[in-house]
$ cat model13.cif   # mmCIF, C-alpha atoms
data_target
loop_
_atom_site.label_atom_id
_atom_site.label_comp_id
_atom_site.auth_asym_id
_atom_site.auth_seq_id
_atom_site.Cartn_x
_atom_site.Cartn_y
_atom_site.Cartn_z
CA MET A 1 38.90 80.98 -132.78
CA SER A 2 40.33 80.00 -129.40
CA ILE A 3 41.38 76.45 -128.59
CA LEU A 4 39.44 76.77 -125.32
CA ARG A 5 36.18 77.01 -127.28
CA LEU A 6 36.75 73.72 -129.10
CA PRO A 7 35.06 70.47 -128.05
CA PRO A 8 37.28 68.25 -125.87
CA LEU A 9 38.18 65.83 -128.69
CA LEU A 10 39.22 68.59 -131.08
CA ARG A 11 41.18 70.29 -128.31
CA LEU A 12 43.05 67.03 -127.69
CA LEU A 13 43.87 66.60 -131.37
CA VAL A 14 45.09 70.20 -131.82
CA LEU A 15 47.29 69.95 -128.73
CA THR A 16 48.53 66.61 -130.06
CA GLN A 17 49.88 68.32 -133.16
CA LEU A 18 51.65 70.87 -130.98
CA ALA A 19 53.27 68.12 -128.90
CA PHE A 20 54.17 66.01 -131.96
CA ASN A 21 56.18 68.85 -133.46
CA ILE A 22 57.85 69.87 -130.20
CA GLY A 23 59.16 66.33 -129.72
CA PHE A 24 60.13 65.84 -133.35
CA PHE A 25 61.81 69.18 -134.02
CA ALA A 26 63.78 69.00 -130.80
CA VAL A 27 65.73 66.18 -132.46
CA LEU A 28 65.68 66.44 -136.26
CA PRO A 29 67.59 69.72 -136.84
CA PHE A 30 70.61 68.32 -134.99
CA LEU A 31 70.58 64.84 -136.50
CA SER A 32 72.92 65.50 -139.43
CA GLY A 33 75.58 67.01 -137.14
CA TYR A 34 75.37 63.97 -134.87
CA LEU A 35 75.61 61.53 -137.78
CA GLY A 36 78.59 63.26 -139.36
CA GLY A 37 80.34 63.99 -136.05
CA ALA A 38 79.77 61.47 -133.27
CA VAL A 39 78.85 58.57 -135.56
CA GLY A 40 81.43 59.53 -138.20
CA MET A 41 79.29 58.90 -141.29
CA ALA A 42 80.46 60.09 -144.70
CA GLY A 43 78.52 62.94 -146.28
CA TRP A 44 76.74 60.73 -148.82
CA LEU A 45 75.63 58.35 -146.06
CA VAL A 46 74.32 61.19 -143.90
CA GLY A 47 72.28 62.39 -146.87
CA PHE A 48 71.04 58.88 -147.56
CA VAL A 49 69.92 58.34 -143.95
CA LEU A 50 68.09 61.68 -143.86
CA GLY A 51 66.42 60.85 -147.15
CA LEU A 52 65.52 57.42 -145.83
CA ARG A 53 63.77 59.05 -142.88
CA THR A 54 61.69 61.16 -145.25
CA PHE A 55 60.91 58.20 -147.51
CA SER A 56 59.92 55.90 -144.63
CA GLN A 57 57.42 58.57 -143.60
CA GLN A 58 56.23 60.05 -146.90
CA GLY A 59 56.39 56.79 -148.82
CA LEU A 60 54.25 54.93 -146.29
CA PHE A 61 51.83 57.74 -145.53
CA VAL A 62 49.10 56.08 -147.57
CA VAL A 63 49.51 52.97 -145.42
CA GLY A 64 48.80 54.91 -142.23
CA GLY A 65 45.70 56.49 -143.74
CA ALA A 66 44.40 53.12 -144.95
CA LEU A 67 45.02 51.53 -141.54
CA ALA A 68 43.19 54.36 -139.78
CA ASP A 69 40.22 53.89 -142.13
CA ARG A 70 40.27 50.15 -141.54
CA TYR A 71 40.96 49.88 -137.80
CA GLY A 72 40.12 53.30 -136.41
CA VAL A 73 42.14 56.24 -135.12
CA ARG A 74 42.91 55.13 -131.58
CA PRO A 75 44.97 51.94 -132.22
CA VAL A 76 46.90 53.52 -135.10
CA VAL A 77 47.80 56.64 -133.09
CA LEU A 78 48.81 54.60 -130.04
CA ALA A 79 50.95 52.27 -132.17
CA GLY A 80 52.60 55.22 -133.91
CA CYS A 81 53.42 56.94 -130.61
CA ALA A 82 54.88 53.72 -129.20
CA LEU A 83 57.09 53.27 -132.27
CA ARG A 84 58.24 56.91 -132.12
CA ILE A 85 59.23 56.47 -128.45
CA ALA A 86 61.17 53.31 -129.31
CA GLY A 87 62.80 55.02 -132.30
CA PHE A 88 64.01 58.04 -130.33
CA VAL A 89 65.36 55.92 -127.47
CA TRP A 90 67.12 53.66 -129.98
CA LEU A 91 68.56 56.68 -131.81
CA GLY A 92 69.90 58.09 -128.56
CA TYR A 93 71.91 54.93 -127.89
CA ALA A 94 72.81 54.03 -131.50
CA GLU A 95 76.51 54.40 -132.25
CA ARG A 96 76.93 52.50 -135.51
CA ALA A 97 75.64 53.25 -138.99
CA TRP A 98 73.33 50.22 -139.22
CA SER A 99 71.83 50.93 -135.81
CA VAL A 100 71.26 54.62 -136.56
CA THR A 101 69.63 53.72 -139.87
CA GLY A 102 67.23 51.32 -138.16
CA ALA A 103 66.28 53.93 -135.57
CA VAL A 104 65.68 56.59 -138.22
CA LEU A 105 63.48 54.20 -140.21
CA LEU A 106 61.42 53.51 -137.09
CA VAL A 107 61.06 57.23 -136.37
CA GLY A 108 59.80 57.85 -139.92
CA PHE A 109 57.39 54.91 -139.99
CA ALA A 110 55.88 56.03 -136.67
CA ALA A 111 54.86 59.32 -138.26
CA ALA A 112 53.43 57.46 -141.25
CA LEU A 113 51.03 55.86 -138.77
CA PHE A 114 49.90 58.62 -136.43
CA SER A 115 49.94 61.71 -138.67
CA PRO A 116 47.30 60.67 -141.22
CA ALA A 117 45.14 59.22 -138.45
CA VAL A 118 45.17 62.45 -136.44
CA GLU A 119 44.82 64.78 -139.43
CA SER A 120 41.89 62.91 -140.98
CA GLU A 121 40.07 62.88 -137.64
CA VAL A 122 40.67 66.61 -137.12
CA ALA A 123 39.06 67.27 -140.51
CA ARG A 124 36.15 64.96 -139.73
CA GLN A 125 35.51 66.55 -136.34
CA ALA A 126 35.90 70.05 -137.81
CA VAL A 127 33.04 69.27 -140.21
CA ALA A 128 30.90 68.02 -137.31
CA HIS A 129 31.77 71.13 -135.30
CA GLU A 130 30.70 73.32 -138.22
CA GLU A 131 27.42 71.47 -138.68
CA ALA A 132 26.72 71.92 -134.96
CA GLY A 133 27.03 75.70 -135.39
CA GLY A 134 30.54 76.02 -134.00
CA GLY A 135 31.91 78.08 -136.91
CA PRO A 136 33.63 77.38 -140.25
CA ARG A 137 35.70 74.22 -140.44
CA THR A 138 38.55 76.19 -142.01
CA ARG A 139 39.14 78.00 -138.72
CA VAL A 140 39.63 74.70 -136.91
CA LEU A 141 42.02 73.43 -139.59
CA ALA A 142 43.93 76.73 -139.52
CA LEU A 143 44.26 76.45 -135.73
CA PHE A 144 45.60 72.91 -136.21
CA THR A 145 48.24 74.23 -138.66
CA VAL A 146 49.26 77.04 -136.32
CA ALA A 147 49.62 74.56 -133.44
CA GLY A 148 51.95 72.45 -135.58
CA GLN A 149 54.07 75.44 -136.51
CA ALA A 150 54.21 76.58 -132.89
CA GLY A 151 55.60 73.16 -132.05
CA ALA A 152 58.12 73.49 -134.86
CA PHE A 153 59.15 76.82 -133.32
CA VAL A 154 59.56 75.57 -129.75
CA GLY A 155 61.13 72.20 -130.63
CA PRO A 156 64.48 73.43 -132.05
CA LEU A 157 64.90 75.88 -129.17
CA LEU A 158 64.38 73.05 -126.69
CA GLY A 159 66.77 70.83 -128.64
CA ALA A 160 69.45 73.52 -128.70
CA LEU A 161 69.29 73.84 -124.91
CA LEU A 162 69.45 70.08 -124.41
CA LEU A 163 72.29 69.71 -126.90
CA ALA A 164 74.49 71.45 -124.33
CA VAL A 165 74.28 68.14 -122.44
CA ASP A 166 74.49 65.69 -125.36
CA PHE A 167 72.50 64.33 -128.30
CA ARG A 168 71.29 61.34 -126.27
CA THR A 169 69.55 63.69 -123.85
CA VAL A 170 67.84 65.41 -126.77
CA CYS A 171 66.51 62.05 -128.03
CA LEU A 172 65.34 60.91 -124.59
CA VAL A 173 63.46 64.14 -123.94
CA GLY A 174 61.89 63.85 -127.40
CA ALA A 175 60.80 60.33 -126.48
CA GLY A 176 59.40 61.68 -123.21
CA VAL A 177 57.15 64.10 -125.10
CA PHE A 178 55.66 61.18 -127.01
CA VAL A 179 55.18 59.25 -123.76
CA LEU A 180 52.95 62.12 -122.64
CA VAL A 181 51.06 62.07 -125.95
CA LEU A 182 50.62 58.29 -125.76
CA THR A 183 49.29 58.54 -122.19
CA ALA A 184 46.88 61.36 -123.08
CA HIS A 185 45.44 59.44 -126.02
CA ALA A 186 45.17 56.19 -124.10
CA LEU A 187 43.13 57.99 -121.43
CA LEU A 188 41.15 60.55 -123.44
CA LEU A 189 40.72 59.35 -127.03
CA PRO A 190 37.39 57.47 -127.39
CA ARG A 191 37.49 53.92 -128.68
CA HIS A 192 34.59 54.57 -131.06
CA LEU A 193 34.42 57.96 -132.74
CA PRO A 194 31.09 59.15 -134.15
CA GLY A 195 30.90 59.24 -137.94
CA ARG A 196 34.07 57.20 -138.42
CA GLU A 197 33.61 54.53 -141.10
CA ARG A 198 36.11 51.75 -141.68
CA VAL A 199 36.73 51.02 -145.34
CA ARG A 200 38.88 48.71 -147.39
CA VAL A 201 41.29 50.02 -150.05
CA ARG A 202 40.44 48.68 -153.50
CA GLY A 203 41.44 49.34 -157.08
CA GLY A 204 44.48 49.00 -159.30
CA MET A 205 47.32 51.38 -160.12
CA GLY A 206 46.98 51.29 -163.90
CA PRO A 207 45.04 54.54 -164.43
CA LEU A 208 47.34 56.36 -162.04
CA LEU A 209 50.47 55.16 -163.86
CA ARG A 210 49.00 56.38 -167.13
CA ASN A 211 48.13 59.80 -165.69
CA ARG A 212 51.04 61.83 -167.07
CA PRO A 213 50.02 65.23 -165.65
CA PHE A 214 49.79 63.73 -162.17
CA LEU A 215 53.14 61.93 -162.47
CA ALA A 216 54.73 65.19 -163.67
CA LEU A 217 53.30 66.97 -160.64
CA CYS A 218 54.73 64.21 -158.41
CA CYS A 219 58.20 64.79 -159.86
CA ALA A 220 57.95 68.56 -159.45
CA TYR A 221 56.79 68.15 -155.87
CA GLY A 222 59.59 65.68 -155.21
CA ALA A 223 62.09 68.29 -156.42
CA TYR A 224 60.55 70.77 -154.01
CA LEU A 225 60.82 68.32 -151.10
CA LEU A 226 64.43 67.58 -151.99
CA ALA A 227 65.15 71.31 -151.85
CA TYR A 228 63.26 71.66 -148.56
CA ASN A 229 65.22 68.74 -147.11
CA GLN A 230 68.36 70.87 -147.39
CA LEU A 231 67.24 72.56 -144.17
CA TYR A 232 68.56 69.38 -142.54
CA LEU A 233 71.61 68.72 -144.74
CA ALA A 234 73.12 71.68 -146.60
CA LEU A 235 72.00 74.37 -144.15
CA PRO A 236 73.65 72.80 -141.06
CA ALA A 237 76.92 72.55 -143.01
CA GLU A 238 76.72 76.22 -144.00
CA VAL A 239 75.85 77.32 -140.45
CA GLU A 240 78.79 75.29 -139.12
CA ARG A 241 81.10 77.01 -141.61
CA ALA A 242 79.87 80.51 -140.80
CA ALA A 243 79.43 80.25 -137.03
CA GLY A 244 81.77 77.45 -135.99
CA SER A 245 78.87 75.48 -134.48
CA GLN A 246 75.30 74.51 -135.25
CA ALA A 247 73.79 76.49 -132.36
CA PRO A 248 72.28 79.19 -134.68
CA LEU A 249 70.25 76.46 -136.41
CA ALA A 250 67.60 76.65 -133.71
CA TRP A 251 67.01 80.35 -134.42
CA LEU A 252 66.85 79.79 -138.16
CA PHE A 253 64.24 77.05 -137.71
CA ALA A 254 62.36 79.33 -135.38
CA LEU A 255 62.44 82.05 -138.04
CA SER A 256 60.93 79.65 -140.57
CA SER A 257 58.17 78.59 -138.18
CA LEU A 258 57.32 82.18 -137.26
CA LEU A 259 57.01 83.09 -140.93
CA VAL A 260 54.57 80.25 -141.53
CA VAL A 261 52.51 81.04 -138.43
CA THR A 262 52.19 84.73 -139.28
CA ALA A 263 52.08 84.70 -143.09
CA GLN A 264 50.73 81.33 -144.30
CA LEU A 265 47.04 82.27 -144.28
CA PRO A 266 47.51 85.71 -145.90
CA VAL A 267 49.84 84.26 -148.55
CA THR A 268 47.43 81.41 -149.32
CA ARG A 269 44.50 83.84 -149.51
CA TRP A 270 46.44 86.15 -151.84
CA ALA A 271 47.56 83.30 -154.09
CA GLY A 272 44.03 81.91 -154.28
CA GLU A 273 42.60 85.27 -155.31
CA ARG A 274 45.31 86.46 -157.70
CA ILE A 275 47.02 83.46 -159.30
CA GLY A 276 46.14 79.85 -160.05
CA ALA A 277 47.71 76.66 -158.74
CA ARG A 278 50.33 76.40 -161.49
CA ARG A 279 51.55 79.98 -161.16
CA SER A 280 51.61 79.71 -157.39
CA ALA A 281 53.70 76.53 -157.53
CA ALA A 282 56.02 78.01 -160.17
CA ALA A 283 56.53 81.19 -158.15
CA GLY A 284 57.29 79.15 -155.04
CA LEU A 285 59.85 77.01 -156.85
CA ALA A 286 61.49 80.15 -158.25
CA LEU A 287 61.79 81.65 -154.76
CA ILE A 288 63.37 78.45 -153.47
CA ALA A 289 65.90 78.47 -156.32
CA ALA A 290 66.69 82.10 -155.47
CA GLY A 291 67.35 81.09 -151.85
CA PHE A 292 70.07 78.64 -152.92
CA ALA A 293 71.49 81.25 -155.32
CA VAL A 294 71.80 83.80 -152.49
CA VAL A 295 74.09 81.48 -150.51
CA ALA A 296 76.06 80.55 -153.65
CA ALA A 297 76.65 84.23 -154.43
CA ALA A 298 77.85 85.01 -150.90
CA LEU A 299 80.11 82.00 -150.32
CA PRO A 300 83.16 83.16 -152.36
CA ALA A 301 83.58 86.07 -149.91
CA GLY A 302 84.01 83.53 -147.10
CA ARG A 303 82.52 85.75 -144.39
CA THR A 304 81.94 84.29 -140.93
CA GLY A 305 80.22 85.33 -137.73
CA THR A 306 76.91 87.20 -137.73
CA VAL A 307 77.48 88.66 -141.20
CA GLY A 308 78.38 85.24 -142.51
CA LEU A 309 75.04 83.88 -141.28
CA LEU A 310 72.97 86.44 -143.23
CA PRO A 311 72.95 84.41 -146.49
CA ALA A 312 71.74 81.36 -144.54
CA ALA A 313 68.95 83.48 -143.05
CA GLY A 314 68.06 84.73 -146.54
CA PHE A 315 67.94 81.13 -147.74
CA VAL A 316 65.56 80.17 -144.92
CA VAL A 317 63.26 83.12 -145.62
CA LEU A 318 63.07 82.47 -149.38
CA LEU A 319 62.68 78.71 -148.89
CA THR A 320 59.84 79.26 -146.40
CA LEU A 321 58.06 81.73 -148.68
CA GLY A 322 58.39 79.22 -151.51
CA GLN A 323 56.99 76.48 -149.28
CA MET A 324 53.97 78.64 -148.45
CA LEU A 325 53.21 78.98 -152.17
CA VAL A 326 54.05 75.45 -153.37
CA THR A 327 52.40 73.26 -150.74
CA PRO A 328 48.83 74.68 -150.81
CA ALA A 329 48.93 74.84 -154.61
CA VAL A 330 49.86 71.17 -154.94
CA ARG A 331 47.27 70.15 -152.35
CA ALA A 332 44.58 72.00 -154.28
CA TRP A 333 45.78 70.59 -157.60
CA VAL A 334 45.83 66.87 -156.75
CA PRO A 335 42.03 66.45 -156.57
CA ASP A 336 41.75 67.92 -160.07
CA LEU A 337 44.15 65.31 -161.45
CA ALA A 338 42.85 62.32 -159.48
CA GLU A 339 40.14 59.90 -160.53
CA ARG A 340 36.87 60.50 -158.75
CA GLY A 341 36.78 58.56 -155.50
CA ARG A 342 40.51 57.74 -155.59
CA LEU A 343 41.95 60.79 -153.86
CA GLY A 344 43.48 58.75 -151.05
CA LEU A 345 45.40 56.63 -153.54
CA TYR A 346 46.64 59.68 -155.43
CA THR A 347 47.75 61.61 -152.34
CA GLY A 348 49.54 58.49 -151.13
CA ALA A 349 51.25 58.10 -154.50
CA LEU A 350 52.30 61.76 -154.36
CA SER A 351 54.02 61.04 -151.03
CA SER A 352 55.64 57.84 -152.28
CA VAL A 353 57.04 59.26 -155.51
CA SER A 354 58.28 62.47 -153.91
CA GLY A 355 59.73 60.53 -150.97
CA LEU A 356 61.68 58.29 -153.36
CA ILE A 357 63.06 61.36 -155.11
CA VAL A 358 64.19 62.76 -151.74
CA LEU A 359 65.81 59.44 -150.82
CA LEU A 360 67.87 59.26 -154.00
CA GLY A 361 68.52 62.98 -154.21
CA SER A 362 69.66 63.32 -150.61
CA ALA A 363 72.37 60.71 -151.09
CA ALA A 364 73.57 62.59 -154.17
CA THR A 365 73.46 65.88 -152.27
CA GLY A 366 75.51 64.46 -149.39
CA THR A 367 78.12 63.30 -151.88
CA LEU A 368 78.08 66.70 -153.58
CA LEU A 369 78.70 68.53 -150.31
CA ASP A 370 81.54 66.15 -149.49
CA THR A 371 83.48 66.26 -152.77
CA GLY A 372 85.69 69.28 -152.11
CA LEU A 373 84.25 71.36 -154.96
CA PRO A 374 84.33 75.16 -154.64
CA SER A 375 81.84 76.01 -151.91
CA ALA A 376 79.44 77.85 -154.22
CA VAL A 377 79.09 74.99 -156.74
CA PRO A 378 76.89 72.65 -154.66
CA TRP A 379 74.51 75.50 -153.87
CA LEU A 380 74.30 76.50 -157.54
CA LEU A 381 73.52 72.92 -158.52
CA LEU A 382 70.89 72.75 -155.78
CA ALA A 383 69.35 75.98 -157.10
CA ALA A 384 68.94 74.29 -160.48
CA VAL A 385 66.72 71.55 -158.99
CA PRO A 386 63.64 73.68 -158.12
CA ALA A 387 64.26 75.87 -161.16
CA ALA A 388 64.11 72.85 -163.46
CA ALA A 389 61.03 71.55 -161.62
CA ILE A 390 59.03 74.53 -162.90
CA ALA A 391 59.12 72.97 -166.37
CA LEU A 392 57.69 69.73 -164.95
CA LEU A 393 54.50 71.35 -163.70
CA PRO A 394 51.47 70.27 -165.78
CA GLY A 395 50.56 72.87 -168.35
CA ARG A 396 46.84 73.09 -167.73
CA GLU A 397 44.68 73.17 -164.63
CA ARG A 398 41.34 71.40 -164.60
CA ALA A 399 38.24 72.91 -163.08
CA HIS A 400 37.78 72.00 -159.46
CA ARG A 401 35.52 69.09 -158.71
CA ARG A 402 33.53 68.80 -155.48
CA SER A 403 35.90 69.27 -152.54
CA ASP A 404 35.47 67.18 -149.43
CA VAL A 405 37.49 68.08 -146.35
CA ALA A 406 37.64 64.53 -145.10
CA ASP A 407 39.09 63.38 -148.40
CA THR A 408 41.66 66.16 -148.68
CA ALA A 409 42.80 66.17 -145.07
CA VAL A 410 45.57 63.60 -145.43
CA GLN A 411 48.15 65.44 -147.52
CA PRO A 412 51.93 65.33 -147.65
CA ASP A 413 53.42 67.93 -145.36
CA THR A 414 57.18 68.98 -145.17
CA THR A 415 56.71 69.86 -141.58
CA ARG A 416 55.01 66.69 -140.56
CA PRO A 417 56.69 65.08 -137.52
#

$ encode --input "model13.cif" --output "structure tokens"
Amino acid sequence: MSILRLPPLLRLLVLTQLAFNIGFFAVLPFLSGYLGGAVGMAGWLVGFVLGLRTFSQQGLFVVGGALADRYGVRPVVLAGCALRIAGFVWLGYAERAWSVTGAVLLVGFAAALFSPAVESEVARQAVAHEEAGGGPRTRVLALFTVAGQAGAFVGPLLGALLLAVDFRTVCLVGAGVFVLVLTAHALLLPRHLPGRERVRVRGGMGPLLRNRPFLALCCAYGAYLLAYNQLYLALPAEVERAAGSQAPLAWLFALSSLLVVTAQLPVTRWAGERIGARRSAAAGLALIAAGFAVVAAALPAGRTGTVGLLPAAGFVVLLTLGQMLVTPAVRAWVPDLAERGRLGLYTGALSSVSGLIVLLGSAATGTLLDTGLPSAVPWLLLAAVPAAAIALLPGRERAHRRSDVADTAVQPDTTRP
């Protein structure tokens, strides 16, 4: 399916995802180096701030979805873009820890607004496109995913080029991308979208808090996100050690994005046909643990240069393959564990719990990387996190209930801007 064959609204939303990720990933891969270098933050504080960014986004994701249901897509997307612009500009001029923390919180909360609004509307319009004879909705959603990954590929390369000037320039250009998105949506996004119903969120948390299999899945997914977050914390430190700068980071992020673009659909199809959700998630976690172990095994040799970067590349490949197995499995599993009609609450809780785990775990990881232990020890301990998470996965999978694309569209995503 070509983007040129999509209706104008769907084309706008797919291109929006591309632009979101270009602007976001031009900045994020270089944030930890800026915090530890120019700002002079301690390792534990860098980890805490990065975790706080994830939590302010993941933890409040359910809020953005509820607001979009209540007030519509247009105002929520416009507000999110405006906050992202303000956050990036603030981050570019922030020079103290408290100021940087405020900017990072604003950047994360902006995504908690616009991402669920855009994604839920893409799913809704994909269903309408299918019913109008435009082809399966899955092709539209796959095109949306590929656009996001293409943005994640281009963004770090753009950021690496701009970093030759300074980090402030990177942030201002990232803000400029969101100015373009804001303008496009203000001009082109309809005020009233057909088929969009505004609803109020109701119901208590009691049944969810008593749902042990779901809470176990939340903890396992949180461990996965904590491991994935090391792309922005442990990996930059290792690249700096091996190469003397963080310039190769852009190519490693590009490698990850290319793998997802080219292999995500075949891997998901294979996993769906051959293994269930639990085995897919367990295999993904095992691959991620192996990625950390590869770096730990290579570090005692202390190699630098191109050869020294090979373990980091192996880590990125194994982590990305693990991501491709874990994320779809968890997305497919949540509806089976949720109460009927409460999928939005459960997906929001999945984001909140896993985001809290990342927040606490990232601070601990930053401290671990800063303690002066033998270089392999932190990576071995990090390998134990996804390995232990395998035991947290619920033991049984329930039969699938009716699946509704509009309900399952708003899901936690490690590559969400």

$ closest_residue --input "model13.cif" --among "A:Ala349, A:Leu163, A:Leu172, A:Leu187" --to "Phe55 (chain A)" --atoms "all atoms listed in the file"
A:Ala349

$ resolve_selection --input "model13.cif" --expression "the PyMOL selection byres ((chain A and resi 280) around 12)" --output "PyMOL selection string"
chain A and resi 267-279+281-287+321-333+390+393+397

$ atom_distance --input "model13.cif" --atom1 "CA of Ala391 (chain A)" --atom2 "CA of Ala216 (chain A)"
9.3 Å

$ resolve_selection --input "model13.cif" --expression "the PyMOL selection byres ((chain A and resi 182) around 12)" --output "VMD selection string"
chain A and resid 12 16 19 to 20 74 to 85 114 175 to 181 183 to 189

$ atom_distance --input "model13.cif" --atom1 "CA of Ala376 (chain A)" --atom2 "CA of Pro156 (chain A)"
27.1 Å

$ atom_distance --input "model13.cif" --atom1 "CA of Leu162 (chain A)" --atom2 "CA of Asn21 (chain A)"
16.1 Å

$ closest_atom_pairs --input "model13.cif" --of "region 160-183 of chain A" --to "region 230-250 of chain A" --cutoff "10 Å" --atoms "all atoms listed in the file" --output "CSV"
residue,atom,partner,partner_atom,distance
A:Ala160,CA,A:Ala250,CA,6.2
A:Leu161,CA,A:Ala247,CA,9.1
A:Leu163,CA,A:Ala247,CA,8.8
A:Ala164,CA,A:Ala247,CA,9.5

$ closest_residue --input "model13.cif" --among "A:Ala290, A:Ala338, A:Leu356, A:Val122" --to "Phe315 (chain A)" --atoms "only C-alpha atoms"
A:Ala290

$ closest_residue --input "model13.cif" --among "A:Phe292, A:Phe24, A:Trp98, A:Tyr34" --to "Ala110 (chain A)" --atoms "all atoms listed in the file"
A:Phe24

$ closest_residue --input "model13.cif" --among "A:Gly305, A:Gly155, A:Pro378, A:Gly395" --to "Leu28 (chain A)" --atoms "all atoms listed in the file"
A:Gly155

$ resolve_selection --input "model13.cif" --expression "the PyMOL selection byres ((chain A and resi 209) around 12)" --output "list in words"
Gly204, Met205, Gly206, Pro207, Leu208, Arg210, Asn211, Arg212, Pro213, Phe214, Leu215, Ala216, Cys218, Ala338, Glu339, Leu345, Tyr346, Ala349, Leu350 and Val353 of chain A

$ write_last_selection --input "model13.cif" --atoms "C-alpha atoms" --output "PDB file, keeping the file's coordinate frame"
ATOM      1  CA  GLY A 204      44.480  49.000-159.300  1.00  0.00           C
ATOM      2  CA  MET A 205      47.320  51.380-160.120  1.00  0.00           C
ATOM      3  CA  GLY A 206      46.980  51.290-163.900  1.00  0.00           C
ATOM      4  CA  PRO A 207      45.040  54.540-164.430  1.00  0.00           C
ATOM      5  CA  LEU A 208      47.340  56.360-162.040  1.00  0.00           C
ATOM      6  CA  ARG A 210      49.000  56.380-167.130  1.00  0.00           C
ATOM      7  CA  ASN A 211      48.130  59.800-165.690  1.00  0.00           C
ATOM      8  CA  ARG A 212      51.040  61.830-167.070  1.00  0.00           C
ATOM      9  CA  PRO A 213      50.020  65.230-165.650  1.00  0.00           C
ATOM     10  CA  PHE A 214      49.790  63.730-162.170  1.00  0.00           C
ATOM     11  CA  LEU A 215      53.140  61.930-162.470  1.00  0.00           C
ATOM     12  CA  ALA A 216      54.730  65.190-163.670  1.00  0.00           C
ATOM     13  CA  CYS A 218      54.730  64.210-158.410  1.00  0.00           C
ATOM     14  CA  ALA A 338      42.850  62.320-159.480  1.00  0.00           C
ATOM     15  CA  GLU A 339      40.140  59.900-160.530  1.00  0.00           C
ATOM     16  CA  LEU A 345      45.400  56.630-153.540  1.00  0.00           C
ATOM     17  CA  TYR A 346      46.640  59.680-155.430  1.00  0.00           C
ATOM     18  CA  ALA A 349      51.250  58.100-154.500  1.00  0.00           C
ATOM     19  CA  LEU A 350      52.300  61.760-154.360  1.00  0.00           C
ATOM     20  CA  VAL A 353      57.040  59.260-155.510  1.00  0.00           C
TER      21      VAL A 353
END

$ residues_around --input "model13.cif" --residues "Leu380 (chain A)" --least-positions-apart "4" --cutoff "10 Å" --atoms "all atoms listed in the file" --output "ChimeraX atom specification"
/A:289-290,292-297,375-376,384-385

$ write_last_selection --input "model13.cif" --atoms "C-alpha atoms" --output "mmCIF file, in the frame of the given file"
data_model
loop_
_atom_site.group_PDB
_atom_site.id
_atom_site.type_symbol
_atom_site.label_atom_id
_atom_site.label_comp_id
_atom_site.auth_asym_id
_atom_site.auth_seq_id
_atom_site.Cartn_x
_atom_site.Cartn_y
_atom_site.Cartn_z
ATOM 1 C CA ALA A 289 65.900 78.470 -156.320
ATOM 2 C CA ALA A 290 66.690 82.100 -155.470
ATOM 3 C CA PHE A 292 70.070 78.640 -152.920
ATOM 4 C CA ALA A 293 71.490 81.250 -155.320
ATOM 5 C CA VAL A 294 71.800 83.800 -152.490
ATOM 6 C CA VAL A 295 74.090 81.480 -150.510
ATOM 7 C CA ALA A 296 76.060 80.550 -153.650
ATOM 8 C CA ALA A 297 76.650 84.230 -154.430
ATOM 9 C CA SER A 375 81.840 76.010 -151.910
ATOM 10 C CA ALA A 376 79.440 77.850 -154.220
ATOM 11 C CA ALA A 384 68.940 74.290 -160.480
ATOM 12 C CA VAL A 385 66.720 71.550 -158.990
#

$ residues_around --input "model13.cif" --residues "Thr54 (chain A)" --least-positions-apart "4" --cutoff "7 Å" --atoms "only C-alpha atoms" --output "VMD selection string"
chain A and resid 50 58 108 355

$ residues_around --input "model13.cif" --residues "Ala112 (chain A)" --least-positions-apart "5" --cutoff "8 Å" --atoms "only C-alpha atoms" --output "ChimeraX atom specification"
/A:56-58,60-64,80

$ closest_residue --input "model13.cif" --among "A:Ala388, A:Ala147, A:Leu158, A:Val173" --to "Arg11 (chain A)" --atoms "all atoms listed in the file"
A:Ala147

$ closest_residue --input "model13.cif" --among "A:Leu309, A:Gly372, A:Ala363, A:Ala223" --to "Ala387 (chain A)" --atoms "only C-alpha atoms"
A:Ala223
